[in-house]
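Enquirer: Questions regarding the structure given below will be posed in turn.
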Amino acid sequence: MNELVFFINNVVIAGSVTGSIYAIGAVGVTLVFSIMRFAHFAHADMMTFGAFMVLLLTAAFPGVGAAVGLPTAIVMLPLAMVLTALLAVGIDKAFYKPLRAHGVKPIVMVIGSLGVTLMLQGLIRLFAGTSGQSLYIGERKEIFRLALPFEGVRAPIVITEPQIILFVLTFACVVGLHLFLNRSRLGKAMRAMSDNPDLARASGINTNTIVAVTWVIAGGLAAIAGTLLSLDVTFKPDLSFFLLLPIFAAAIVGGVGHPYGAIAGGFVVGFAETLAVFNWAVLLRPFRDSLPEWLAQAGNLAFVGTEYKIVVPFFILVAILVWRPTGLFKGKVI
Amino acid sequence: MSTQDKRREDLVDTPSRFPVREVVLFAALLVAILGVYAMMGTAYSTRMLVEAACYAILALGLTIQWGYAGQFNAGVMGFVALGGFCAMFFSVPVNDAFWGSELPGELGRVLLYGVAAVLVVIGATRLDRLGVPKRLRTLIAVVLAVVLYLVVISLMREVTGEIQSRAGFVGGLGLPAWTGWIVGGALAGAVGYFIGHICLGLRSDYLAIATLGIAEIIKAFLKNSDWLTRGTATVSPLPWPTPGPAELGFTLARALYLSITAVMIAVIFFLLHRAYHAPWGRMIRAIRDNETSAAAMGKDINRRRLEIFVLGCILMGIGGGALTTFNSLFDPQGYLPLNHTFLVLVMVILGGPGNNLGTIFGAVAVYIIWIMSEPLALFLMQLAVSIGEGAFGWDAPANMDSRALQARVFVIGLLITLVLRFAPKGLLPEKVKHHG
C-alpha cells in the first residue's frame, strides 16, 4: 500500500499539477493560433511576465494575504492578469499588427514572435536577475499530509496549498471559458472568426475587437499559468524554452484551434511526462517474492531520467504529427 | 499586389547595374574590421574574424533553408552542437583506460542488442502480412517496444555507469579534426532528415516547433551523457587541423585557421551560387514563391523541401564543428539558443535571406556588433549604476554584470522585429532575375 501512496503522490498529483499548467498555457496558444493563425512563441515568456508581476506586487504589499486568508500571490493574481493582458494587447499593437497589415506569411509572424520572446526575456532577466525566487515572501507554504485509514500504510498523501488552489483555478478557467465561448456574443464571434475569418468579417463581426479580446484572454491565462507554476515550485526567469515545447505539443495533440482539445492535450502531456520519469520498479516491490530474479533485481525501471523529461513532449509531438496531424479532436486550422 | 508589380519592373529595368550598395556596405565592413584591429590588437581581432567565418557557414546553412525555400529552422543550436560533438569525438586523443579494458566489447554488445531490438519491433509492425489482425499487431508492437526499450536502457545504464567510474569517458578517436566536421555534417543532416520527413508536409509553424524541441533534446543529451562527452566537466583542448598557437603564436595560428575557414566558405559559396542559378535553384524558388503552381508543373514539393532542409542542416553541422574546434573546448552547456540560433537568424534576415553575399556580410557585421556589444553593455550598466547611486542612493544588486549581458538579449529581439517590419528583404536583398 505504501507503494500505491507513493504512486499517487508522484504520478497522480504531480501529473495533474503539470497537466493543469500545460492545459491553461495550451488554451492560450490554441486561441491565438485559431484567430491569428500563427504559433505564438512568446506565450511562455508572457507566463513568466505574469509571474514576475505577481512577484513584484507581492513584494510591494506582503501583508495583504494574511488579511484575506490566502497566499498574497493569489490575491495579487487578478491585478497581474490585467497587467499581462495589457502587455499582450500592447505587443500586438506594436509588433504583430504592422506585420499583419503587410499581409506577411504566418511563418514571418512566428519569427516576429520569437523576436518578442527575446525582448521579454531580456527585460525580465534585466530586472529579475537569472536566479530562482520564491513567491512566498514572509509566508509559509502550507503542506497537507493526509494519512490513509488503512493498516500498514505509513506514508501519507502529500498535497500543498498551491496545488489545491491550482486545481480550483483550472476548473474555474475551464468552466468560465466554456461559458464564454458558448453563451456570450463575443465568444460566439470568436468561434465564427476561427472557423472562417472572411465570412465572419462579411457578417459584420469587428475583427479588431476579436483580436484584442483574444489577446486579453491569452494574456490573462498566461498570467494564471505562470503564477501557478511559480507557486508550485519557484519563480525562474529562464524557463521559457522548456515550457514552449510541452505547451505546443499539448495544443497540437488536442487539435489546433480547439480549446477543449488543448485542455485534454495538456493533461495528456503532463501525465505522459510524470509517467515516463516514474520509477516503475517501486510498484513491483510488493510482488518481489513471486517475480523472477532478473525482474526483481531491476533497480531503475523509469523510461527516461528526469534530465531527459523534455524528450517526452517531443515524442508525443512527433507521434501525433505522424499519425494524426489534425490532433485527437480534429483541429480546424491546418 | 500593385506594389509587387512595381518592384518587379524596377529590377527588370536595371538588370546589370553597378553594385553600388554591395560595394558601399562591404567597404564599411572593411573599415569596421580595420577599426577593430587598430583598437583590440591582431590576436583578438583575428579570433573574432575566425568565429565570424564559422558563423558565416552557419548563416549560409540557414539562408538556404529560410531564404531559398522559406523554411524556418528555430533549432540551429542543436545542429551546431551535433557538429561540435563530432569534432570533439573524432579529434580528441584515444583514451587507453577505456579501450584497454573489456568495456568497448560490452558497449558494443549493448548497442547490438539495441539494433536487434529495433529490428524485432520493426518486424512486429509487419506482422499483419502474416495474417495477424491489425489491432493485435499494433498492440504486440507497442508492448514489445516498451519491454525491449526498458531492457536495453537498463543494460545501457549499467555499462555507461561502469565506463564513467572506471575510464572517465569514452574518449576520442584521435583522427584529424576535419573528419569530425564531415561526420558532424552528416549526422546533422540525418537528424534534419528525420525532422524534415515528419514536419515538412505540414504547416510551416510545426517545423519551427519541432526544431526548437530537437535542439533542446540534443543539448540535454550531450549535457547528461557523461560517459560520452564528460557532460558539464567539458572536454579540452581539442586539437586543431592546423598547427596550434603553441607552435606559431596566437596571431599566425589563428590566421592559418582563418584561411581554412575562408576556403570552406569560398567552396560552399561557389557551389551554392551554381546551384542557385541552375534549374534546381529555379525550381526551389518556384516552390517557395508559389507552391500550388509548382506542384501543378509536376514538381515533387515535399522531396525538394526535404533536400534543401537536409542540405542546410549539413552546413550547420560542418560550421558547428569548425566553431567548436576553434574554441578548443567542448562544453555542452555553452550552446545557447541566443548565441547559436537567434544570432544566426539575425545575421540572415539582416544581411538578406536568399542572397549568399548578403548573408556573409550579415554574418561578419552582426558578429562584430555582437562581440563589441559586450563591453559596451557592461560600460552602460556601470554608468547607470553610478548615476543611480549618486542621484537616488540606489542600492545596485550584486549580479549587475550578468544582468547587463541580458540587455543584449533584448537588443537581438528588438532587431529581429524591426528588421521584419522595416526591411523584410534585408540590407542586400535577393536579386530576382527575370528572363524576358
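In the C-alpha cells, each chain is lettered A, B, ... as it comes, each chain's residues begin at 1, and ligands are numbered from 1 in order of appearance.
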Select all residues from chain A having any atom no more than 6 Å from an atom of chain B (counting only C-alpha atoms, ignoring ligands), output as a list of chain:residue names.
Expert: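 Output check: A:Gly112, A:Gly115, A:Val116, A:Leu118, A:Met119, A:Gly122, A:Leu126, A:Leu245.
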Enquirer: List the neighbours of Ala249 of chain A out to 10 Å using only C-alpha atoms; skip same-chain residues closer than 5 positions along the sequence, and give me the result as a list in words.
Expert: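 After dropping sequence-adjacent residues, the list is Tyr22, Ala26, Leu244, Gly254, Gly255, Val256, Ala262, Gly265, Gly266, Val268, Val269, Val312, Pro313, Phe314, Phe315, Ile316, Leu317, Val318, Ile320, Leu321 and Gly327 of chain A; Tyr206, Ile209, Ala210 and Gly213 of chain B.
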Enquirer: Got time to write the residues from that selection, N, CA and C atoms, as a PDB file, in the first residue's frame?
Expert:
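Result written to selection-v3.pdb:
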ATOM      1  N   TYR A  22       0.083  23.027 -18.105  1.00  0.00           N
ATOM      2  CA  TYR A  22       0.192  22.934 -19.561  1.00  0.00           C
ATOM      3  C   TYR A  22      -1.147  23.221 -20.213  1.00  0.00           C
ATOM      4  N   ALA A  26      -1.740  25.929 -22.933  1.00  0.00           N
ATOM      5  CA  ALA A  26      -2.074  25.496 -24.288  1.00  0.00           C
ATOM      6  C   ALA A  26      -3.365  26.140 -24.774  1.00  0.00           C
ATOM      7  N   LEU A 244       7.829  25.937 -23.737  1.00  0.00           N
ATOM      8  CA  LEU A 244       7.206  26.070 -25.055  1.00  0.00           C
ATOM      9  C   LEU A 244       6.861  24.723 -25.662  1.00  0.00           C
ATOM     10  N   GLY A 254      -4.228  18.196 -28.874  1.00  0.00           N
ATOM     11  CA  GLY A 254      -5.662  18.427 -28.754  1.00  0.00           C
ATOM     12  C   GLY A 254      -6.303  18.866 -30.053  1.00  0.00           C
ATOM     13  N   GLY A 255      -5.506  19.205 -31.047  1.00  0.00           N
ATOM     14  CA  GLY A 255      -6.091  19.732 -32.273  1.00  0.00           C
ATOM     15  C   GLY A 255      -6.045  21.242 -32.214  1.00  0.00           C
ATOM     16  N   VAL A 256      -5.238  21.829 -33.108  1.00  0.00           N
ATOM     17  CA  VAL A 256      -5.024  23.274 -33.036  1.00  0.00           C
ATOM     18  C   VAL A 256      -6.332  24.027 -33.266  1.00  0.00           C
ATOM     19  N   ALA A 262      -7.179  21.405 -26.285  1.00  0.00           N
ATOM     20  CA  ALA A 262      -5.931  21.855 -25.653  1.00  0.00           C
ATOM     21  C   ALA A 262      -5.903  21.453 -24.193  1.00  0.00           C
ATOM     22  N   GLY A 265      -5.189  17.850 -24.166  1.00  0.00           N
ATOM     23  CA  GLY A 265      -3.795  17.668 -24.565  1.00  0.00           C
ATOM     24  C   GLY A 265      -2.836  18.013 -23.446  1.00  0.00           C
ATOM     25  N   GLY A 266      -3.156  19.079 -22.699  1.00  0.00           N
ATOM     26  CA  GLY A 266      -2.300  19.457 -21.572  1.00  0.00           C
ATOM     27  C   GLY A 266      -2.191  18.334 -20.568  1.00  0.00           C
ATOM     28  N   VAL A 268      -2.771  15.133 -21.148  1.00  0.00           N
ATOM     29  CA  VAL A 268      -2.072  14.002 -21.766  1.00  0.00           C
ATOM     30  C   VAL A 268      -0.564  14.201 -21.644  1.00  0.00           C
ATOM     31  N   VAL A 269      -0.095  15.404 -22.014  1.00  0.00           N
ATOM     32  CA  VAL A 269       1.351  15.644 -21.974  1.00  0.00           C
ATOM     33  C   VAL A 269       1.864  15.624 -20.532  1.00  0.00           C
ATOM     34  N   VAL A 312       9.954  13.702 -23.717  1.00  0.00           N
ATOM     35  CA  VAL A 312       8.606  13.131 -23.741  1.00  0.00           C
ATOM     36  C   VAL A 312       7.638  13.972 -24.592  1.00  0.00           C
ATOM     37  N   PRO A 313       7.489  15.287 -24.310  1.00  0.00           N
ATOM     38  CA  PRO A 313       6.585  16.053 -25.175  1.00  0.00           C
ATOM     39  C   PRO A 313       7.017  16.039 -26.624  1.00  0.00           C
ATOM     40  N   PHE A 314       8.333  15.966 -26.875  1.00  0.00           N
ATOM     41  CA  PHE A 314       8.785  15.948 -28.255  1.00  0.00           C
ATOM     42  C   PHE A 314       8.291  14.698 -28.966  1.00  0.00           C
ATOM     43  N   PHE A 315       8.412  13.540 -28.294  1.00  0.00           N
ATOM     44  CA  PHE A 315       7.983  12.328 -28.977  1.00  0.00           C
ATOM     45  C   PHE A 315       6.465  12.256 -29.102  1.00  0.00           C
ATOM     46  N   ILE A 316       5.760  12.841 -28.132  1.00  0.00           N
ATOM     47  CA  ILE A 316       4.306  12.932 -28.300  1.00  0.00           C
ATOM     48  C   ILE A 316       3.991  13.770 -29.534  1.00  0.00           C
ATOM     49  N   LEU A 317       4.709  14.890 -29.672  1.00  0.00           N
ATOM     50  CA  LEU A 317       4.507  15.770 -30.821  1.00  0.00           C
ATOM     51  C   LEU A 317       4.777  15.029 -32.127  1.00  0.00           C
ATOM     52  N   VAL A 318       5.926  14.306 -32.161  1.00  0.00           N
ATOM     53  CA  VAL A 318       6.280  13.581 -33.378  1.00  0.00           C
ATOM     54  C   VAL A 318       5.221  12.536 -33.690  1.00  0.00           C
ATOM     55  N   ILE A 320       2.086  12.423 -32.859  1.00  0.00           N
ATOM     56  CA  ILE A 320       0.810  12.969 -33.302  1.00  0.00           C
ATOM     57  C   ILE A 320       0.942  13.541 -34.706  1.00  0.00           C
ATOM     58  N   LEU A 321       2.109  14.127 -35.028  1.00  0.00           N
ATOM     59  CA  LEU A 321       2.283  14.676 -36.374  1.00  0.00           C
ATOM     60  C   LEU A 321       2.349  13.567 -37.410  1.00  0.00           C
ATOM     61  N   GLY A 327      -4.704  16.299 -34.812  1.00  0.00           N
ATOM     62  CA  GLY A 327      -4.919  16.234 -33.379  1.00  0.00           C
ATOM     63  C   GLY A 327      -6.040  15.268 -33.032  1.00  0.00           C
TER      64      GLY A 327
ATOM     65  N   TYR B 206       4.945  24.125 -37.646  1.00  0.00           N
ATOM     66  CA  TYR B 206       5.295  22.890 -36.945  1.00  0.00           C
ATOM     67  C   TYR B 206       6.778  22.616 -37.024  1.00  0.00           C
ATOM     68  N   ILE B 209       8.481  24.593 -34.333  1.00  0.00           N
ATOM     69  CA  ILE B 209       8.294  23.998 -33.009  1.00  0.00           C
ATOM     70  C   ILE B 209       9.181  22.769 -32.855  1.00  0.00           C
ATOM     71  N   ALA B 210       9.173  21.903 -33.892  1.00  0.00           N
ATOM     72  CA  ALA B 210       9.920  20.654 -33.780  1.00  0.00           C
ATOM     73  C   ALA B 210      11.415  20.904 -33.724  1.00  0.00           C
ATOM     74  N   GLY B 213      12.417  22.042 -30.371  1.00  0.00           N
ATOM     75  CA  GLY B 213      12.441  20.925 -29.428  1.00  0.00           C
ATOM     76  C   GLY B 213      13.664  20.061 -29.604  1.00  0.00           C
TER      77      GLY B 213
END
Enquirer: Give the answer as one residue: which of A:Ile224, A:Gly90, A:Leu186, A:Pro149 has the shortest atom-to-atom distance to Asn206 of chain A, using only C-alpha atoms?
Expert: A:Leu186
Enquirer: When you draw a straight line from atom CA of Trp215 of chain A to atom CA of Trp66 of chain B, how long is it in Å?
Expert: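 Taking atom CA of Trp215 of chain A and atom CA of Trp66 of chain B, their separation equals 28.4 Å.
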Enquirer: Which one is closest to Arg154 of chain A: A:Thr209, A:Asn2, A:Thr117, A:Thr234? Count only C-alpha atoms.
Expert: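 Smallest separation from Arg154 of chain A among the options: A:Asn2.
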Enquirer: Per DSSP on the backbone, what are the alpha helix (DSSP H) residues of segment 215-249 of chain A, as number ranges by chain?
Expert: A: 215-232, 240-249
Enquirer: Tell me, as a ChimeraX atom specification, which residues lie within 12 Å of Leu148 of chain A, counting only C-alpha atoms; anything in the same chain fewer than 3 positions away does not count.
Expert: /A:1-2,4-5,145,151-158
Enquirer: Write out as a PyMOL selection string which residues come within 9 Å of Ser230 of chain A when counting only C-alpha atoms, dropping same-chain ones fewer than 2 positions away.
Expert: chain A and resi 48+51+133-135+225-228+232-236
Enquirer: Just asking: which residues within segment 91-310 of chain A are strand (DSSP E or B) according to DSSP, as a PyMOL selection string?
Expert: chain A and resi 133+143-146+157-160+235
Enquirer: Those same residues, written as a PDB file, in the first residue's frame with C-alpha atoms?
Expert:
ATOM      1  CA  GLN A 133      12.929  33.212  -6.287  1.00  0.00           C
ATOM      2  CA  ILE A 143       1.533  21.314   3.221  1.00  0.00           C
ATOM      3  CA  PHE A 144      -1.289  18.891   3.977  1.00  0.00           C
ATOM      4  CA  ARG A 145      -0.421  15.336   4.882  1.00  0.00           C
ATOM      5  CA  LEU A 146      -3.431  13.075   4.630  1.00  0.00           C
ATOM      6  CA  ILE A 157      -0.667  11.538   0.730  1.00  0.00           C
ATOM      7  CA  VAL A 158       1.051  14.910   0.429  1.00  0.00           C
ATOM      8  CA  ILE A 159      -0.620  17.861  -1.213  1.00  0.00           C
ATOM      9  CA  THR A 160       0.329  21.513  -0.878  1.00  0.00           C
ATOM     10  CA  PHE A 235       9.821  31.688  -9.971  1.00  0.00           C
TER      11      PHE A 235
END
Enquirer: Near Ile368 of chain B, counting only C-alpha atoms, which residues have an atom at most 12 Å away, once you skip same-chain residues fewer than 2 positions from it, shown as a ChimeraX atom specification?
Expert: /B:29-37,44-53,55,343,347,361-366,370-374
